[in-house]
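Next comes final-v6.cif, a file with mmCIF, C-alpha atoms and all ligand atoms.
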```
data_final
#
loop_
_atom_site.label_atom_id
_atom_site.label_comp_id
_atom_site.auth_asym_id
_atom_site.auth_seq_id
_atom_site.Cartn_x
_atom_site.Cartn_y
_atom_site.Cartn_z
CA MET X 1 46.52 74.90 60.77
CA ALA X 2 47.27 78.54 61.50
CA PRO X 3 50.83 79.52 60.66
CA ALA X 4 53.22 79.00 63.56
CA VAL X 5 53.65 82.22 65.49
CA ARG X 6 55.91 83.42 68.22
CA ALA X 7 53.92 85.43 70.70
CA SER X 8 55.42 88.69 71.92
CA GLU X 9 55.93 88.93 75.67
CA TRP X 10 54.71 91.66 77.98
CA THR X 11 55.40 91.56 81.71
CA ALA X 12 53.19 93.85 83.77
CA PRO X 13 54.82 96.07 86.42
CA GLY X 14 54.64 94.38 89.82
CA HIS X 15 52.63 97.16 91.46
CA TRP X 16 49.63 96.83 89.14
CA LYS X 17 46.46 95.68 90.91
CA SER X 18 44.16 95.14 87.93
CA ILE X 19 44.07 95.11 84.15
CA ASP X 20 40.95 95.56 81.97
CA PHE X 21 40.38 93.83 78.64
CA ILE X 22 37.87 95.18 76.13
CA SER X 23 37.39 94.70 72.39
CA ASP X 24 35.03 95.05 69.45
CA LEU X 25 33.68 98.52 70.21
CA HIS X 26 33.33 99.17 66.47
CA LEU X 27 33.25 102.93 67.09
CA GLY X 28 32.03 105.10 64.26
CA PRO X 29 29.62 107.93 63.47
CA GLU X 30 26.57 105.75 64.21
CA THR X 31 27.53 104.83 67.76
CA PRO X 32 27.80 107.99 69.90
CA ARG X 33 26.50 106.24 73.05
CA THR X 34 29.04 103.46 72.68
CA PHE X 35 31.78 106.07 72.38
CA GLU X 36 30.50 107.78 75.52
CA ALA X 37 30.47 104.49 77.49
CA TRP X 38 34.03 103.78 76.30
CA ARG X 39 35.16 107.28 77.28
CA GLN X 40 33.63 106.99 80.74
CA HIS X 41 35.19 103.60 81.27
CA LEU X 42 38.62 104.85 80.24
CA GLU X 43 38.34 107.78 82.63
CA HIS X 44 36.77 106.06 85.62
CA SER X 45 38.01 102.46 85.62
CA PRO X 46 40.06 101.67 88.73
CA ALA X 47 42.36 99.45 86.62
CA ASP X 48 46.05 100.33 86.20
CA CYS X 49 45.89 99.35 82.56
CA ILE X 50 43.27 99.01 79.84
CA VAL X 51 43.98 96.67 76.95
CA MET X 52 41.93 97.03 73.75
CA LEU X 53 42.06 93.79 71.77
CA GLY X 54 40.99 95.01 68.36
CA ASP X 55 38.07 96.41 66.41
CA TRP X 56 38.15 99.59 68.45
CA PHE X 57 36.91 101.29 65.27
CA GLU X 58 34.37 100.02 62.77
CA VAL X 59 36.72 100.99 59.98
CA TRP X 60 40.11 102.71 59.77
CA VAL X 61 41.57 103.94 56.50
CA GLY X 62 44.57 105.95 57.64
CA ASP X 63 46.02 107.84 60.58
CA ASP X 64 45.76 111.11 58.64
CA LEU X 65 41.99 110.97 59.34
CA ARG X 66 42.50 110.90 63.12
CA ASP X 67 41.57 114.59 63.44
CA GLN X 68 38.00 113.94 62.23
CA GLY X 69 34.79 112.69 63.87
CA VAL X 70 34.90 110.04 66.56
CA ALA X 71 38.60 109.40 65.92
CA ALA X 72 39.37 112.95 67.04
CA GLN X 73 37.25 112.45 70.17
CA CYS X 74 39.17 109.25 70.92
CA VAL X 75 42.52 110.99 70.49
CA GLU X 76 41.40 113.78 72.80
CA THR X 77 40.28 111.27 75.47
CA LEU X 78 43.35 109.04 75.28
CA ALA X 79 45.86 111.89 75.18
CA ARG X 80 44.53 112.70 78.67
CA VAL X 81 43.90 109.19 80.05
CA SER X 82 47.16 107.67 78.84
CA LYS X 83 49.04 110.11 81.06
CA VAL X 84 47.60 108.49 84.18
CA LYS X 85 47.19 104.84 83.17
CA THR X 86 48.60 102.49 80.58
CA VAL X 87 46.37 101.92 77.57
CA ALA X 88 47.36 99.28 75.03
CA PHE X 89 45.98 98.41 71.61
CA MET X 90 46.11 95.32 69.42
CA ALA X 91 44.74 95.62 65.87
CA GLY X 92 41.57 93.83 64.82
CA ASN X 93 40.27 92.99 61.35
CA ARG X 94 38.61 96.43 61.08
CA ASP X 95 41.34 98.71 62.36
CA PHE X 96 44.54 96.95 61.30
CA LEU X 97 45.60 100.09 59.42
CA ILE X 98 46.06 102.02 62.66
CA GLY X 99 49.69 103.04 62.59
CA ALA X 100 52.46 104.64 64.61
CA ASP X 101 51.05 108.18 64.21
CA MET X 102 47.69 107.27 65.77
CA LEU X 103 49.34 105.26 68.56
CA ALA X 104 51.64 108.19 69.37
CA ALA X 105 48.83 110.78 69.26
CA CYS X 106 46.89 108.66 71.77
CA GLY X 107 49.82 107.62 73.96
CA LEU X 108 48.92 103.99 73.23
CA ARG X 109 51.20 101.00 73.61
CA GLY X 110 50.89 98.88 70.46
CA LEU X 111 50.64 95.11 70.92
CA ASP X 112 51.48 92.35 68.45
CA ASP X 113 48.92 89.65 67.78
CA PRO X 114 49.41 87.36 69.67
CA THR X 115 51.00 88.68 72.85
CA VAL X 116 51.54 86.82 76.11
CA MET X 117 50.85 89.00 79.10
CA ASP X 118 52.51 88.06 82.35
CA ALA X 119 50.90 89.42 85.51
CA PHE X 120 49.80 88.24 88.96
CA GLY X 121 51.92 85.11 88.53
CA GLU X 122 49.90 83.98 85.49
CA ARG X 123 50.36 84.05 81.72
CA LEU X 124 47.52 85.01 79.37
CA LEU X 125 47.62 84.62 75.60
CA LEU X 126 46.03 87.71 74.05
CA THR X 127 44.76 87.77 70.48
CA HIS X 128 42.04 89.53 68.53
CA GLY X 129 40.90 86.11 67.33
CA ASP X 130 40.45 86.50 63.58
CA ALA X 131 43.77 84.80 62.73
CA LEU X 132 42.46 81.62 64.37
CA CYS X 133 39.12 81.49 62.55
CA LEU X 134 40.51 79.02 60.02
CA SER X 135 37.23 77.64 58.69
CA ASP X 136 36.64 80.97 56.92
CA VAL X 137 39.13 80.23 54.15
CA ALA X 138 38.18 83.26 52.04
CA TYR X 139 38.75 85.56 54.99
CA GLN X 140 42.15 84.03 55.81
CA LYS X 141 43.23 84.69 52.21
CA PHE X 142 42.02 88.27 52.47
CA ARG X 143 43.80 88.67 55.83
CA LEU X 144 47.09 87.49 54.41
CA MET X 145 46.79 90.10 51.66
CA VAL X 146 45.83 93.10 53.81
CA ARG X 147 48.35 92.35 56.58
CA ASN X 148 51.19 92.50 54.05
CA PRO X 149 53.22 95.70 54.64
CA ALA X 150 53.58 96.34 50.88
CA TRP X 151 49.79 96.12 50.39
CA GLN X 152 49.25 98.44 53.35
CA GLN X 153 51.75 100.99 52.08
CA GLN X 154 50.04 101.02 48.70
CA ALA X 155 46.57 101.30 50.24
CA LEU X 156 47.63 104.19 52.48
CA SER X 157 49.12 106.08 49.53
CA LEU X 158 45.69 106.36 47.86
CA PRO X 159 43.90 109.74 48.12
CA GLN X 160 41.78 110.17 51.28
CA ALA X 161 38.47 110.21 49.39
CA GLU X 162 39.37 106.96 47.65
CA ARG X 163 40.31 105.28 50.94
CA ILE X 164 37.06 106.42 52.54
CA ARG X 165 35.11 104.95 49.61
CA ILE X 166 36.96 101.62 49.78
CA GLY X 167 36.54 101.50 53.56
CA ALA X 168 32.77 101.91 53.23
CA GLN X 169 32.71 99.21 50.57
CA MET X 170 34.73 96.75 52.65
CA ARG X 171 32.41 97.37 55.56
CA THR X 172 29.30 96.57 53.52
CA GLN X 173 30.96 93.45 52.16
CA SER X 174 32.02 92.30 55.60
CA GLU X 175 28.48 92.83 56.92
CA THR X 176 27.02 90.54 54.30
CA ASN X 177 29.65 87.88 55.07
CA GLN X 178 30.23 88.01 58.77
CA ASN X 179 31.09 90.29 61.63
CA GLY X 180 28.32 92.81 61.19
CA ARG X 181 26.50 94.06 64.25
CA SER X 182 24.79 90.83 65.23
CA ALA X 183 26.40 87.46 65.71
CA PRO X 184 24.60 84.62 63.95
CA ALA X 185 25.43 81.18 65.30
CA ASP X 186 27.04 80.06 62.05
CA TRP X 187 29.89 82.60 62.15
CA ALA X 188 33.37 81.16 62.03
CA ASP X 189 34.83 80.46 65.46
CA VAL X 190 38.37 80.03 66.71
CA ASP X 191 39.88 76.71 65.62
CA PHE X 192 40.56 74.83 68.86
CA PRO X 193 43.60 72.73 67.79
CA ALA X 194 45.30 75.81 66.31
CA ALA X 195 44.51 77.89 69.38
CA MET X 196 45.85 75.23 71.72
CA GLN X 197 49.01 75.02 69.63
CA TRP X 198 49.52 78.76 70.14
CA MET X 199 48.81 78.42 73.85
CA GLU X 200 51.20 75.51 74.25
CA ALA X 201 54.00 77.27 72.36
CA ALA X 202 53.47 80.38 74.50
CA ARG X 203 53.22 78.37 77.76
CA ALA X 204 49.97 80.20 78.42
CA PRO X 205 47.07 77.89 79.29
CA THR X 206 44.50 80.71 79.22
CA MET X 207 43.52 82.74 76.17
CA VAL X 208 41.60 86.01 75.93
CA HIS X 209 40.15 87.00 72.56
CA GLY X 210 37.39 89.04 70.96
CA HIS X 211 36.22 89.13 67.36
CA THR X 212 33.43 86.52 67.46
CA HIS X 213 31.01 88.66 69.51
CA ARG X 214 30.05 85.56 71.47
CA PRO X 215 31.19 86.33 75.02
CA GLY X 216 31.77 83.44 77.37
CA THR X 217 34.31 81.36 79.24
CA GLU X 218 34.96 77.88 77.99
CA THR X 219 37.26 74.95 78.70
CA MET X 220 38.61 74.01 75.26
CA ALA X 221 40.31 70.84 76.52
CA PRO X 222 41.56 69.83 79.96
CA GLY X 223 43.94 72.60 81.03
CA TYR X 224 43.04 75.02 78.21
CA VAL X 225 40.56 77.81 78.90
CA ARG X 226 39.43 80.72 76.75
CA HIS X 227 37.64 83.90 77.74
CA VAL X 228 35.80 85.51 74.83
CA LEU X 229 35.17 89.24 75.18
CA SER X 230 31.83 90.91 74.54
CA ASP X 231 31.40 93.38 71.73
CA TRP X 232 30.02 96.78 72.76
CA ASP X 233 26.92 98.45 71.32
CA LEU X 234 24.89 100.92 73.33
CA ASP X 235 23.26 102.42 70.23
CA HIS X 236 21.53 99.35 68.78
CA ALA X 237 19.50 96.81 70.79
CA PRO X 238 20.31 94.43 72.34
CA TYR X 239 22.54 96.85 74.25
CA ARG X 240 25.76 95.31 75.48
CA ALA X 241 29.11 96.31 76.94
CA GLU X 242 31.35 94.33 79.24
CA VAL X 243 34.87 94.41 80.66
CA LEU X 244 37.02 91.42 81.58
CA ARG X 245 39.03 92.45 84.64
CA TRP X 246 42.24 90.61 85.58
CA SER X 247 43.65 90.79 89.09
CA ALA X 248 45.33 88.53 91.64
CA ALA X 249 41.81 87.14 92.21
CA GLY X 250 41.59 85.95 88.58
CA LEU X 251 39.46 87.04 85.65
CA HIS X 252 36.02 88.53 86.23
CA ARG X 253 33.45 90.15 83.98
CA VAL X 254 32.35 93.58 85.17
CA ALA X 255 30.17 96.38 83.82
CA PRO X 256 31.99 99.38 82.32
CA ALA X 257 32.83 102.09 84.85
CA THR X 258 30.76 105.27 84.83
CA GLY X 259 31.35 108.76 86.17
CA PRO X 260 30.22 109.99 89.58
MN MN X 301 36.96 91.44 64.64
#
```
Serialized structure, structure tokens:
Amino acid sequence: MAPAVRASEWTAPGHWKSIDFISDLHLGPETPRTFEAWRQHLEHSPADCIVMLGDWFEVWVGDDLRDQGVAAQCVETLARVSKVKTVAFMAGNRDFLIGADMLAACGLRGLDDPTVMDAFGERLLLTHGDALCLSDVAYQKFRLMVRNPAWQQQALSLPQAERIRIGAQMRTQSETNQNGRSAPADWADVDFPAAMQWMEAARAPTMVHGHTHRPGTETMAPGYVRHVLSDWDLDHAPYRAEVLRWSAAGLHRVAPATGP
């Protein structure tokens, strides 16, 4: 079983008409088209709020690197966009080292994993998804280690060059295990009993998560539904990018917004 968790609560302002969920963009130097699609969506989506549910970046080894490469482009975009709409971020297994400095530079609202979002008279349980993939025992052990604040503090105190080297190493390792660019059928999936326990405790019968790169909507048991987000990759075939839009009409999958 996953450790018992108390989900944080977030009630959307009553005037919001729609909220977008995206995840698993895995932005980095090798995905300029994916960055551009993300940027256009941020700027042109009609939604009042965009929620990023983790793995925004392929790897993140410290907020002090936010002025370089694609991170700098993201900061530049969000500093503008977050003035006109709410943009929220929950950490994934790749970018859990994103800290207060990066959130502030981008104007992002940081979200705990899990968070219950209350809007349109419904409650959604939001999670990246990795904490529920219990069958991957080795990963859960690793997760426990790297999510420890003392471990993080120590990791972030290493010299930049060392962190960049370790980040590259972790990425290669993770690609040989799971969660590389493609999604083989034998990847760990969310543990249903654990997920339903979270949902029950949070009084949220519907869950939205990413991480597995296997988009779809599924009834887990009578009364329990999950919506799995698509990963984004417009630089490597098969090209994919999708948004889950929440409104008073429910949850619908739409294509990312583009400019005029
Ligand atoms: Mn992930």
Tell me which protein, DNA and RNA residues are within 6 Å of Met117 in chain X, counting only C-alpha atoms, leaving out same-chain ones fewer than 3 positions away, and put them as JSON, numbers by chain. {"X": [10, 11, 123, 124]}
Dump as a CSV table (one decimal), keeping the file's coordinate frame, selection limited to C-alpha atoms:
```csv
chain,number,residue,atom,x,y,z
X,10,TRP,CA,54.7,91.7,78.0
X,11,THR,CA,55.4,91.6,81.7
X,123,ARG,CA,50.4,84.0,81.7
X,124,LEU,CA,47.5,85.0,79.4
```
With the cut-off set at 6 Å and counting all atoms listed in the file, tabulate each residue of chain X with an atom at most that distance from an atom of ligand MN 301 (chain X), showing the nearest atom pair and its distance in Å to one decimal, ordered by chain and increasing number, as a tab-separated table.
```
residue	atom	partner	partner_atom	distance
X:Asp55	CA	X:MN301	MN	5.4
X:Gly92	CA	X:MN301	MN	5.2
X:Asn93	CA	X:MN301	MN	4.9
X:His211	CA	X:MN301	MN	3.6
```
Within 12 Å of (44.3, 75.0, 69.6) (file coordinates; all atoms listed in the file), which protein or nucleic acid residues are there? I'd like them as a compact mmCIF listing (two decimals) with C-alpha atoms, keeping the file's coordinate frame.
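And here is the file that came out, result.txt:
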```txt
# COMPACT_ATOMS: atom_id res chain seq x y z
CA MET X 1 46.52 74.90 60.77
CA ALA X 2 47.27 78.54 61.50
CA PRO X 3 50.83 79.52 60.66
CA ALA X 4 53.22 79.00 63.56
CA LEU X 125 47.62 84.62 75.60
CA GLY X 129 40.90 86.11 67.33
CA ALA X 131 43.77 84.80 62.73
CA LEU X 132 42.46 81.62 64.37
CA CYS X 133 39.12 81.49 62.55
CA LEU X 134 40.51 79.02 60.02
CA ASP X 189 34.83 80.46 65.46
CA VAL X 190 38.37 80.03 66.71
CA ASP X 191 39.88 76.71 65.62
CA PHE X 192 40.56 74.83 68.86
CA PRO X 193 43.60 72.73 67.79
CA ALA X 194 45.30 75.81 66.31
CA ALA X 195 44.51 77.89 69.38
CA MET X 196 45.85 75.23 71.72
CA GLN X 197 49.01 75.02 69.63
CA TRP X 198 49.52 78.76 70.14
CA MET X 199 48.81 78.42 73.85
CA GLU X 200 51.20 75.51 74.25
CA ALA X 201 54.00 77.27 72.36
CA ALA X 202 53.47 80.38 74.50
CA ALA X 204 49.97 80.20 78.42
CA PRO X 205 47.07 77.89 79.29
CA THR X 206 44.50 80.71 79.22
CA MET X 207 43.52 82.74 76.17
CA THR X 219 37.26 74.95 78.70
CA MET X 220 38.61 74.01 75.26
CA ALA X 221 40.31 70.84 76.52
CA PRO X 222 41.56 69.83 79.96
CA GLY X 223 43.94 72.60 81.03
CA TYR X 224 43.04 75.02 78.21
CA VAL X 225 40.56 77.81 78.90
CA ARG X 226 39.43 80.72 76.75
```
Measure the distance from CA of Trp16 in chain X to CA of Ala37 in chain X in Å and round it to one decimal. 23.7 Å
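Of note, CA of Leu234 in chain X and CA of Ile166 in chain X are spaced 26.5 Å apart.
With all atoms listed in the file as the atoms that count, the residue of X:Ala188, X:Gly62, X:Asp235, X:Glu43 with the shortest distance to Pro260 in chain X is X:Glu43.
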